[in-house]
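For reference, structure-v6.cif is printed below; it contains mmCIF, N, CA and C atoms.
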data_data
#
loop_
_atom_site.label_atom_id
_atom_site.label_comp_id
_atom_site.auth_asym_id
_atom_site.auth_seq_id
_atom_site.Cartn_x
_atom_site.Cartn_y
_atom_site.Cartn_z
N MET V 1 -21.90 20.93 9.90
CA MET V 1 -20.82 20.68 8.97
C MET V 1 -21.30 20.93 7.54
N THR V 2 -20.45 21.54 6.82
CA THR V 2 -20.81 21.79 5.43
C THR V 2 -20.42 20.59 4.58
N VAL V 3 -20.91 20.59 3.39
CA VAL V 3 -20.63 19.50 2.45
C VAL V 3 -19.14 19.43 2.14
N ASP V 4 -18.46 20.56 2.05
CA ASP V 4 -17.02 20.58 1.76
C ASP V 4 -16.21 19.87 2.84
N ILE V 5 -16.55 20.09 4.08
CA ILE V 5 -15.82 19.46 5.19
C ILE V 5 -16.06 17.96 5.20
N VAL V 6 -17.29 17.55 4.98
CA VAL V 6 -17.62 16.12 4.93
C VAL V 6 -16.87 15.45 3.78
N THR V 7 -16.84 16.09 2.64
CA THR V 7 -16.12 15.56 1.49
C THR V 7 -14.63 15.45 1.78
N LEU V 8 -14.08 16.44 2.42
CA LEU V 8 -12.66 16.41 2.78
C LEU V 8 -12.37 15.28 3.76
N ILE V 9 -13.20 15.10 4.75
CA ILE V 9 -13.01 14.03 5.73
C ILE V 9 -13.10 12.66 5.06
N LEU V 10 -14.07 12.49 4.17
CA LEU V 10 -14.20 11.23 3.45
C LEU V 10 -12.99 10.98 2.55
N ALA V 11 -12.50 12.00 1.89
CA ALA V 11 -11.32 11.86 1.03
C ALA V 11 -10.10 11.48 1.85
N LEU V 12 -9.94 12.09 3.02
CA LEU V 12 -8.82 11.74 3.90
C LEU V 12 -8.94 10.31 4.41
N LEU V 13 -10.15 9.89 4.72
CA LEU V 13 -10.38 8.53 5.19
C LEU V 13 -10.04 7.51 4.10
N VAL V 14 -10.46 7.79 2.88
CA VAL V 14 -10.15 6.90 1.76
C VAL V 14 -8.63 6.86 1.53
N ALA V 15 -7.97 8.00 1.58
CA ALA V 15 -6.52 8.05 1.39
C ALA V 15 -5.81 7.27 2.49
N PHE V 16 -6.30 7.37 3.71
CA PHE V 16 -5.71 6.64 4.83
C PHE V 16 -5.85 5.14 4.63
N ILE V 17 -7.03 4.71 4.24
CA ILE V 17 -7.26 3.27 4.01
C ILE V 17 -6.38 2.76 2.88
N LEU V 18 -6.28 3.53 1.81
CA LEU V 18 -5.39 3.13 0.72
C LEU V 18 -3.94 3.04 1.18
N GLY V 19 -3.50 4.03 1.92
CA GLY V 19 -2.12 4.07 2.38
C GLY V 19 -1.76 2.98 3.37
N VAL V 20 -2.70 2.57 4.18
CA VAL V 20 -2.40 1.60 5.23
C VAL V 20 -2.64 0.16 4.78
N PHE V 21 -3.69 -0.07 3.99
CA PHE V 21 -4.06 -1.44 3.67
C PHE V 21 -3.81 -1.85 2.22
N VAL V 22 -4.14 -1.01 1.28
CA VAL V 22 -4.11 -1.41 -0.12
C VAL V 22 -2.72 -1.30 -0.72
N LEU V 23 -2.06 -0.18 -0.56
CA LEU V 23 -0.74 0.02 -1.17
C LEU V 23 0.31 -0.98 -0.70
N PRO V 24 0.43 -1.26 0.61
CA PRO V 24 1.43 -2.26 1.01
C PRO V 24 1.18 -3.63 0.38
N GLN V 25 -0.08 -4.04 0.25
CA GLN V 25 -0.38 -5.32 -0.40
C GLN V 25 0.04 -5.30 -1.87
N PHE V 26 -0.17 -4.19 -2.53
CA PHE V 26 0.26 -4.05 -3.93
C PHE V 26 1.78 -4.19 -4.03
N PHE V 27 2.51 -3.50 -3.14
CA PHE V 27 3.97 -3.56 -3.18
C PHE V 27 4.50 -4.95 -2.83
N ILE V 28 3.84 -5.64 -1.91
CA ILE V 28 4.26 -7.00 -1.56
C ILE V 28 4.03 -7.94 -2.74
N ARG V 29 2.90 -7.81 -3.42
CA ARG V 29 2.64 -8.65 -4.60
C ARG V 29 3.69 -8.42 -5.68
N ARG V 30 4.05 -7.17 -5.87
CA ARG V 30 5.09 -6.85 -6.86
C ARG V 30 6.43 -7.43 -6.43
N ALA V 31 6.72 -7.37 -5.14
CA ALA V 31 7.98 -7.91 -4.62
C ALA V 31 8.01 -9.43 -4.72
N ILE V 32 6.86 -10.09 -4.62
CA ILE V 32 6.81 -11.54 -4.75
C ILE V 32 7.31 -11.94 -6.13
N ARG V 33 6.86 -11.25 -7.15
CA ARG V 33 7.33 -11.55 -8.51
C ARG V 33 8.84 -11.34 -8.62
N SER V 34 9.32 -10.30 -7.97
CA SER V 34 10.75 -10.01 -7.99
C SER V 34 11.55 -11.10 -7.27
N VAL V 35 11.04 -11.57 -6.14
CA VAL V 35 11.73 -12.63 -5.39
C VAL V 35 11.76 -13.92 -6.20
N ILE V 36 10.68 -14.24 -6.87
CA ILE V 36 10.66 -15.44 -7.71
C ILE V 36 11.70 -15.33 -8.83
N ARG V 37 11.80 -14.15 -9.44
CA ARG V 37 12.83 -13.93 -10.48
C ARG V 37 14.24 -14.08 -9.91
N ILE V 38 14.46 -13.63 -8.68
CA ILE V 38 15.78 -13.76 -8.06
C ILE V 38 16.14 -15.23 -7.88
N PHE V 39 15.18 -16.04 -7.41
CA PHE V 39 15.43 -17.48 -7.27
C PHE V 39 15.74 -18.10 -8.62
N GLU V 40 15.01 -17.71 -9.65
CA GLU V 40 15.26 -18.26 -10.99
C GLU V 40 16.61 -17.81 -11.53
N LYS V 41 16.97 -16.56 -11.30
CA LYS V 41 18.25 -16.03 -11.77
C LYS V 41 19.43 -16.75 -11.12
N HIS V 42 19.30 -17.07 -9.84
CA HIS V 42 20.36 -17.77 -9.13
C HIS V 42 20.23 -19.29 -9.24
N ASN V 43 19.28 -19.75 -10.05
CA ASN V 43 19.04 -21.18 -10.27
C ASN V 43 18.82 -21.92 -8.94
N ALA V 44 18.15 -21.29 -8.02
CA ALA V 44 17.85 -21.89 -6.72
C ALA V 44 16.50 -22.60 -6.80
N ILE V 45 16.44 -23.55 -7.73
CA ILE V 45 15.22 -24.31 -7.94
C ILE V 45 15.53 -25.76 -7.63
N GLY V 46 14.87 -26.29 -6.63
CA GLY V 46 15.12 -27.66 -6.20
C GLY V 46 16.13 -27.71 -5.07
N VAL V 47 16.09 -28.81 -4.33
CA VAL V 47 16.94 -28.97 -3.14
C VAL V 47 18.42 -28.92 -3.48
N LYS V 48 18.81 -29.49 -4.61
CA LYS V 48 20.23 -29.55 -4.98
C LYS V 48 20.83 -28.18 -5.21
N ASN V 49 20.03 -27.22 -5.64
CA ASN V 49 20.53 -25.89 -5.95
C ASN V 49 20.16 -24.85 -4.90
N ALA V 50 19.81 -25.29 -3.71
CA ALA V 50 19.38 -24.36 -2.66
C ALA V 50 20.51 -23.39 -2.32
N LYS V 51 20.13 -22.17 -2.00
CA LYS V 51 21.10 -21.10 -1.67
C LYS V 51 20.73 -20.47 -0.34
N THR V 52 21.72 -19.83 0.26
CA THR V 52 21.44 -19.11 1.50
C THR V 52 20.76 -17.78 1.17
N ILE V 53 20.17 -17.20 2.16
CA ILE V 53 19.48 -15.91 1.96
C ILE V 53 20.48 -14.83 1.55
N GLU V 54 21.71 -14.94 2.02
CA GLU V 54 22.75 -13.97 1.65
C GLU V 54 23.18 -14.16 0.20
N GLU V 55 23.31 -15.41 -0.24
CA GLU V 55 23.68 -15.67 -1.63
C GLU V 55 22.63 -15.14 -2.60
N LEU V 56 21.39 -15.18 -2.17
CA LEU V 56 20.30 -14.68 -3.01
C LEU V 56 20.16 -13.17 -2.94
N GLY V 57 20.79 -12.55 -1.97
CA GLY V 57 20.68 -11.10 -1.80
C GLY V 57 19.36 -10.66 -1.20
N LEU V 58 18.74 -11.54 -0.43
CA LEU V 58 17.43 -11.24 0.16
C LEU V 58 17.48 -10.99 1.66
N ALA V 59 18.68 -10.93 2.20
CA ALA V 59 18.80 -10.66 3.64
C ALA V 59 18.33 -9.23 3.92
N PRO V 60 17.62 -9.03 5.03
CA PRO V 60 17.18 -7.67 5.36
C PRO V 60 18.37 -6.74 5.51
N LYS V 61 18.18 -5.51 5.08
CA LYS V 61 19.25 -4.53 5.19
C LYS V 61 19.45 -4.14 6.66
N PRO V 62 20.65 -3.70 7.00
CA PRO V 62 20.88 -3.23 8.37
C PRO V 62 20.01 -2.00 8.67
N MET V 63 19.74 -1.79 9.94
CA MET V 63 18.84 -0.72 10.38
C MET V 63 19.27 0.65 9.84
N PHE V 64 20.56 0.94 9.88
CA PHE V 64 21.04 2.24 9.43
C PHE V 64 20.76 2.44 7.94
N GLN V 65 20.95 1.39 7.16
CA GLN V 65 20.71 1.48 5.73
C GLN V 65 19.22 1.64 5.44
N ARG V 66 18.38 0.96 6.21
CA ARG V 66 16.93 1.06 6.01
C ARG V 66 16.41 2.45 6.32
N MET V 67 17.06 3.15 7.24
CA MET V 67 16.60 4.47 7.63
C MET V 67 16.69 5.47 6.48
N PHE V 68 17.64 5.27 5.58
CA PHE V 68 17.89 6.24 4.53
C PHE V 68 17.56 5.72 3.13
N SER V 69 16.73 4.70 3.04
CA SER V 69 16.34 4.18 1.73
C SER V 69 14.84 3.88 1.73
N ARG V 70 14.34 3.66 0.55
CA ARG V 70 12.92 3.31 0.43
C ARG V 70 12.67 1.95 1.06
N ARG V 71 11.46 1.72 1.45
CA ARG V 71 11.11 0.46 2.09
C ARG V 71 11.27 -0.69 1.11
N ASP V 72 11.89 -1.77 1.59
CA ASP V 72 12.09 -2.96 0.78
C ASP V 72 11.06 -4.00 1.20
N TYR V 73 10.21 -4.40 0.30
CA TYR V 73 9.16 -5.36 0.61
C TYR V 73 9.58 -6.80 0.32
N LYS V 74 10.81 -7.02 -0.14
CA LYS V 74 11.25 -8.38 -0.47
C LYS V 74 11.28 -9.30 0.74
N PRO V 75 11.72 -8.87 1.94
CA PRO V 75 11.66 -9.78 3.09
C PRO V 75 10.23 -10.24 3.41
N GLN V 76 9.25 -9.35 3.31
CA GLN V 76 7.86 -9.75 3.54
C GLN V 76 7.38 -10.68 2.43
N ALA V 77 7.80 -10.40 1.20
CA ALA V 77 7.42 -11.25 0.07
C ALA V 77 8.02 -12.65 0.25
N LEU V 78 9.26 -12.72 0.69
CA LEU V 78 9.90 -14.01 0.93
C LEU V 78 9.15 -14.78 2.00
N GLN V 79 8.76 -14.11 3.08
CA GLN V 79 8.00 -14.77 4.13
C GLN V 79 6.65 -15.26 3.61
N ALA V 80 6.02 -14.50 2.75
CA ALA V 80 4.74 -14.92 2.17
C ALA V 80 4.93 -16.16 1.30
N LEU V 81 6.02 -16.21 0.54
CA LEU V 81 6.29 -17.37 -0.30
C LEU V 81 6.64 -18.60 0.54
N ILE V 82 7.34 -18.41 1.64
CA ILE V 82 7.65 -19.52 2.55
C ILE V 82 6.35 -20.03 3.17
N HIS V 83 5.51 -19.11 3.60
CA HIS V 83 4.23 -19.49 4.21
C HIS V 83 3.34 -20.22 3.21
N ALA V 84 3.40 -19.84 1.93
CA ALA V 84 2.60 -20.49 0.89
C ALA V 84 3.26 -21.78 0.41
N ASP V 85 4.40 -22.14 0.97
CA ASP V 85 5.15 -23.36 0.65
C ASP V 85 5.70 -23.35 -0.78
N ILE V 86 5.85 -22.16 -1.36
CA ILE V 86 6.45 -22.04 -2.68
C ILE V 86 7.97 -22.02 -2.54
N VAL V 87 8.46 -21.36 -1.51
CA VAL V 87 9.88 -21.39 -1.16
C VAL V 87 10.01 -22.31 0.04
N LYS V 88 10.91 -23.25 -0.08
CA LYS V 88 11.11 -24.22 0.99
C LYS V 88 12.51 -24.08 1.57
N THR V 89 12.68 -24.58 2.77
CA THR V 89 13.94 -24.48 3.49
C THR V 89 14.53 -25.87 3.68
N THR V 90 15.84 -26.00 3.48
CA THR V 90 16.51 -27.27 3.73
C THR V 90 16.85 -27.37 5.21
N GLU V 91 17.37 -28.51 5.61
CA GLU V 91 17.77 -28.71 7.01
C GLU V 91 18.90 -27.78 7.41
N THR V 92 19.71 -27.37 6.44
CA THR V 92 20.84 -26.48 6.73
C THR V 92 20.45 -25.01 6.67
N GLY V 93 19.19 -24.72 6.39
CA GLY V 93 18.73 -23.34 6.37
C GLY V 93 18.79 -22.67 5.01
N LYS V 94 19.14 -23.42 3.98
CA LYS V 94 19.17 -22.86 2.63
C LYS V 94 17.76 -22.84 2.06
N LEU V 95 17.55 -21.96 1.09
CA LEU V 95 16.22 -21.78 0.50
C LEU V 95 16.23 -22.22 -0.96
N TYR V 96 15.10 -22.75 -1.40
CA TYR V 96 14.95 -23.08 -2.81
C TYR V 96 13.49 -22.92 -3.21
N LEU V 97 13.31 -22.70 -4.49
CA LEU V 97 11.98 -22.52 -5.06
C LEU V 97 11.43 -23.88 -5.46
N SER V 98 10.25 -24.20 -5.00
CA SER V 98 9.59 -25.45 -5.37
C SER V 98 8.80 -25.20 -6.64
N GLU V 99 9.30 -25.74 -7.74
CA GLU V 99 8.65 -25.47 -9.02
C GLU V 99 7.25 -26.07 -9.09
N GLN V 100 7.06 -27.23 -8.49
CA GLN V 100 5.73 -27.86 -8.51
C GLN V 100 4.70 -26.98 -7.81
N THR V 101 5.06 -26.50 -6.63
CA THR V 101 4.13 -25.65 -5.88
C THR V 101 3.92 -24.33 -6.60
N LEU V 102 4.97 -23.79 -7.20
CA LEU V 102 4.85 -22.53 -7.94
C LEU V 102 3.88 -22.68 -9.11
N LEU V 103 3.98 -23.79 -9.83
CA LEU V 103 3.11 -23.99 -10.99
C LEU V 103 1.64 -24.11 -10.60
N SER V 104 1.37 -24.58 -9.39
CA SER V 104 -0.02 -24.70 -8.97
C SER V 104 -0.50 -23.49 -8.18
N SER V 105 0.34 -22.47 -8.08
CA SER V 105 -0.02 -21.27 -7.32
C SER V 105 -0.47 -20.17 -8.26
N ARG V 106 -0.87 -19.07 -7.69
CA ARG V 106 -1.30 -17.94 -8.51
C ARG V 106 -0.11 -17.15 -9.06
N TRP V 107 1.10 -17.51 -8.66
CA TRP V 107 2.29 -16.76 -9.07
C TRP V 107 3.00 -17.43 -10.25
N ARG V 108 2.38 -18.44 -10.84
CA ARG V 108 3.01 -19.12 -11.97
C ARG V 108 3.16 -18.14 -13.13
N LYS V 109 4.07 -18.47 -14.01
CA LYS V 109 4.29 -17.62 -15.17
C LYS V 109 3.08 -17.71 -16.09
N ARG V 110 2.73 -16.61 -16.67
CA ARG V 110 1.55 -16.60 -17.56
C ARG V 110 1.97 -16.47 -18.97
#

Now that the file is in, can you turn its structure into structure tokens?
Amino acid sequence: MTVDIVTLILALLVAFILGVFVLPQFFIRRAIRSVIRIFEKHNAIGVKNAKTIEELGLAPKPMFQRMFSRRDYKPQALQALIHADIVKTTETGKLYLSEQTLLSSRWRKR
């Protein structure tokens, strides 16, 4: 193998790793900020102001619509926020942003 082929293979490997692991994480982090702004815009902070996923506009798009649009990372971002206990769910299934947890997280406003 010549040096050019080895360099090309390494470049393709790096591009593959970036495309599969690094870029999606970057887009999810960016979407997390967007989801937090959506909760703040709809004043869905605290149990009293909890909203449904449809009211917030965070429901996953239908399959047909997803086929012809760019990938939306907001559903994954919402799941990450729920898992981090920043977004909480009421007994009726409504969602709200926990300001206390948000302030102690890495996603607090700077």

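Here the PyMOL selection byres (((chain V and resi 29-43 and name CA) around 6) and name CA) captures the residues Phe26, Phe27, Ile28, Ala44, Ile45, Tyr73, Lys74 and Ala77 of chain V.
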
For the structure I just gave you, how does DSSP split chain V - specifically, which residues are helix (DSSP H, G or I)? Reply as a short mmCIF file (atom, residue, chain, number, x, y, z; two decimals) with N, CA and C atoms, keeping the file's coordinate frame.
data_model
loop_
_atom_site.label_atom_id
_atom_site.label_comp_id
_atom_site.auth_asym_id
_atom_site.auth_seq_id
_atom_site.Cartn_x
_atom_site.Cartn_y
_atom_site.Cartn_z
N VAL V 3 -20.91 20.59 3.39
CA VAL V 3 -20.63 19.50 2.45
C VAL V 3 -19.14 19.43 2.14
N ASP V 4 -18.46 20.56 2.05
CA ASP V 4 -17.02 20.58 1.76
C ASP V 4 -16.21 19.87 2.84
N ILE V 5 -16.55 20.09 4.08
CA ILE V 5 -15.82 19.46 5.19
C ILE V 5 -16.06 17.96 5.20
N VAL V 6 -17.29 17.55 4.98
CA VAL V 6 -17.62 16.12 4.93
C VAL V 6 -16.87 15.45 3.78
N THR V 7 -16.84 16.09 2.64
CA THR V 7 -16.12 15.56 1.49
C THR V 7 -14.63 15.45 1.78
N LEU V 8 -14.08 16.44 2.42
CA LEU V 8 -12.66 16.41 2.78
C LEU V 8 -12.37 15.28 3.76
N ILE V 9 -13.20 15.10 4.75
CA ILE V 9 -13.01 14.03 5.73
C ILE V 9 -13.10 12.66 5.06
N LEU V 10 -14.07 12.49 4.17
CA LEU V 10 -14.20 11.23 3.45
C LEU V 10 -12.99 10.98 2.55
N ALA V 11 -12.50 12.00 1.89
CA ALA V 11 -11.32 11.86 1.03
C ALA V 11 -10.10 11.48 1.85
N LEU V 12 -9.94 12.09 3.02
CA LEU V 12 -8.82 11.74 3.90
C LEU V 12 -8.94 10.31 4.41
N LEU V 13 -10.15 9.89 4.72
CA LEU V 13 -10.38 8.53 5.19
C LEU V 13 -10.04 7.51 4.10
N VAL V 14 -10.46 7.79 2.88
CA VAL V 14 -10.15 6.90 1.76
C VAL V 14 -8.63 6.86 1.53
N ALA V 15 -7.97 8.00 1.58
CA ALA V 15 -6.52 8.05 1.39
C ALA V 15 -5.81 7.27 2.49
N PHE V 16 -6.30 7.37 3.71
CA PHE V 16 -5.71 6.64 4.83
C PHE V 16 -5.85 5.14 4.63
N ILE V 17 -7.03 4.71 4.24
CA ILE V 17 -7.26 3.27 4.01
C ILE V 17 -6.38 2.76 2.88
N LEU V 18 -6.28 3.53 1.81
CA LEU V 18 -5.39 3.13 0.72
C LEU V 18 -3.94 3.04 1.18
N GLY V 19 -3.50 4.03 1.92
CA GLY V 19 -2.12 4.07 2.38
C GLY V 19 -1.76 2.98 3.37
N VAL V 20 -2.70 2.57 4.18
CA VAL V 20 -2.40 1.60 5.23
C VAL V 20 -2.64 0.16 4.78
N PHE V 21 -3.69 -0.07 3.99
CA PHE V 21 -4.06 -1.44 3.67
C PHE V 21 -3.81 -1.85 2.22
N VAL V 22 -4.14 -1.01 1.28
CA VAL V 22 -4.11 -1.41 -0.12
C VAL V 22 -2.72 -1.30 -0.72
N LEU V 23 -2.06 -0.18 -0.56
CA LEU V 23 -0.74 0.02 -1.17
C LEU V 23 0.31 -0.98 -0.70
N PRO V 24 0.43 -1.26 0.61
CA PRO V 24 1.43 -2.26 1.01
C PRO V 24 1.18 -3.63 0.38
N GLN V 25 -0.08 -4.04 0.25
CA GLN V 25 -0.38 -5.32 -0.40
C GLN V 25 0.04 -5.30 -1.87
N PHE V 26 -0.17 -4.19 -2.53
CA PHE V 26 0.26 -4.05 -3.93
C PHE V 26 1.78 -4.19 -4.03
N PHE V 27 2.51 -3.50 -3.14
CA PHE V 27 3.97 -3.56 -3.18
C PHE V 27 4.50 -4.95 -2.83
N ILE V 28 3.84 -5.64 -1.91
CA ILE V 28 4.26 -7.00 -1.56
C ILE V 28 4.03 -7.94 -2.74
N ARG V 29 2.90 -7.81 -3.42
CA ARG V 29 2.64 -8.65 -4.60
C ARG V 29 3.69 -8.42 -5.68
N ARG V 30 4.05 -7.17 -5.87
CA ARG V 30 5.09 -6.85 -6.86
C ARG V 30 6.43 -7.43 -6.43
N ALA V 31 6.72 -7.37 -5.14
CA ALA V 31 7.98 -7.91 -4.62
C ALA V 31 8.01 -9.43 -4.72
N ILE V 32 6.86 -10.09 -4.62
CA ILE V 32 6.81 -11.54 -4.75
C ILE V 32 7.31 -11.94 -6.13
N ARG V 33 6.86 -11.25 -7.15
CA ARG V 33 7.33 -11.55 -8.51
C ARG V 33 8.84 -11.34 -8.62
N SER V 34 9.32 -10.30 -7.97
CA SER V 34 10.75 -10.01 -7.99
C SER V 34 11.55 -11.10 -7.27
N VAL V 35 11.04 -11.57 -6.14
CA VAL V 35 11.73 -12.63 -5.39
C VAL V 35 11.76 -13.92 -6.20
N ILE V 36 10.68 -14.24 -6.87
CA ILE V 36 10.66 -15.44 -7.71
C ILE V 36 11.70 -15.33 -8.83
N ARG V 37 11.80 -14.15 -9.44
CA ARG V 37 12.83 -13.93 -10.48
C ARG V 37 14.24 -14.08 -9.91
N ILE V 38 14.46 -13.63 -8.68
CA ILE V 38 15.78 -13.76 -8.06
C ILE V 38 16.14 -15.23 -7.88
N PHE V 39 15.18 -16.04 -7.41
CA PHE V 39 15.43 -17.48 -7.27
C PHE V 39 15.74 -18.10 -8.62
N GLU V 40 15.01 -17.71 -9.65
CA GLU V 40 15.26 -18.26 -10.99
C GLU V 40 16.61 -17.81 -11.53
N LYS V 41 16.97 -16.56 -11.30
CA LYS V 41 18.25 -16.03 -11.77
C LYS V 41 19.43 -16.75 -11.12
N VAL V 47 16.09 -28.81 -4.33
CA VAL V 47 16.94 -28.97 -3.14
C VAL V 47 18.42 -28.92 -3.48
N LYS V 48 18.81 -29.49 -4.61
CA LYS V 48 20.23 -29.55 -4.98
C LYS V 48 20.83 -28.18 -5.21
N ASN V 49 20.03 -27.22 -5.64
CA ASN V 49 20.53 -25.89 -5.95
C ASN V 49 20.16 -24.85 -4.90
N ILE V 53 20.17 -17.20 2.16
CA ILE V 53 19.48 -15.91 1.96
C ILE V 53 20.48 -14.83 1.55
N GLU V 54 21.71 -14.94 2.02
CA GLU V 54 22.75 -13.97 1.65
C GLU V 54 23.18 -14.16 0.20
N GLU V 55 23.31 -15.41 -0.24
CA GLU V 55 23.68 -15.67 -1.63
C GLU V 55 22.63 -15.14 -2.60
N LEU V 56 21.39 -15.18 -2.17
CA LEU V 56 20.30 -14.68 -3.01
C LEU V 56 20.16 -13.17 -2.94
N MET V 63 19.74 -1.79 9.94
CA MET V 63 18.84 -0.72 10.38
C MET V 63 19.27 0.65 9.84
N PHE V 64 20.56 0.94 9.88
CA PHE V 64 21.04 2.24 9.43
C PHE V 64 20.76 2.44 7.94
N GLN V 65 20.95 1.39 7.16
CA GLN V 65 20.71 1.48 5.73
C GLN V 65 19.22 1.64 5.44
N ARG V 66 18.38 0.96 6.21
CA ARG V 66 16.93 1.06 6.01
C ARG V 66 16.41 2.45 6.32
N MET V 67 17.06 3.15 7.24
CA MET V 67 16.60 4.47 7.63
C MET V 67 16.69 5.47 6.48
N LYS V 74 10.81 -7.02 -0.14
CA LYS V 74 11.25 -8.38 -0.47
C LYS V 74 11.28 -9.30 0.74
N PRO V 75 11.72 -8.87 1.94
CA PRO V 75 11.66 -9.78 3.09
C PRO V 75 10.23 -10.24 3.41
N GLN V 76 9.25 -9.35 3.31
CA GLN V 76 7.86 -9.75 3.54
C GLN V 76 7.38 -10.68 2.43
N ALA V 77 7.80 -10.40 1.20
CA ALA V 77 7.42 -11.25 0.07
C ALA V 77 8.02 -12.65 0.25
N LEU V 78 9.26 -12.72 0.69
CA LEU V 78 9.90 -14.01 0.93
C LEU V 78 9.15 -14.78 2.00
N GLN V 79 8.76 -14.11 3.08
CA GLN V 79 8.00 -14.77 4.13
C GLN V 79 6.65 -15.26 3.61
N ALA V 80 6.02 -14.50 2.75
CA ALA V 80 4.74 -14.92 2.17
C ALA V 80 4.93 -16.16 1.30
N LEU V 81 6.02 -16.21 0.54
CA LEU V 81 6.29 -17.37 -0.30
C LEU V 81 6.64 -18.60 0.54
N ILE V 82 7.34 -18.41 1.64
CA ILE V 82 7.65 -19.52 2.55
C ILE V 82 6.35 -20.03 3.17
N HIS V 83 5.51 -19.11 3.60
CA HIS V 83 4.23 -19.49 4.21
C HIS V 83 3.34 -20.22 3.21
N GLU V 99 9.30 -25.74 -7.74
CA GLU V 99 8.65 -25.47 -9.02
C GLU V 99 7.25 -26.07 -9.09
N GLN V 100 7.06 -27.23 -8.49
CA GLN V 100 5.73 -27.86 -8.51
C GLN V 100 4.70 -26.98 -7.81
N THR V 101 5.06 -26.50 -6.63
CA THR V 101 4.13 -25.65 -5.88
C THR V 101 3.92 -24.33 -6.60
N LEU V 102 4.97 -23.79 -7.20
CA LEU V 102 4.85 -22.53 -7.94
C LEU V 102 3.88 -22.68 -9.11
N LEU V 103 3.98 -23.79 -9.83
CA LEU V 103 3.11 -23.99 -10.99
C LEU V 103 1.64 -24.11 -10.60
#

Between atom C of Arg106 of chain V and atom C of Asp85 of chain V lies a distance of 11.9 Å

A straight line from atom CA of Gln79 of chain V to atom CA of Thr52 of chain V spans 14.4 Å

In Å and to one decimal, atom CA of Thr2 of chain V is distant from atom N of Val20 of chain V by 26.4 Å

- Got a sec: who's within 6.5 Å of segment 91-96 of chain V, counting all atoms listed in the file, leaving out chain neighbours fewer than 3 positions off, as a PyMOL selection string? chain V and resi 44-47+49-53+86-88
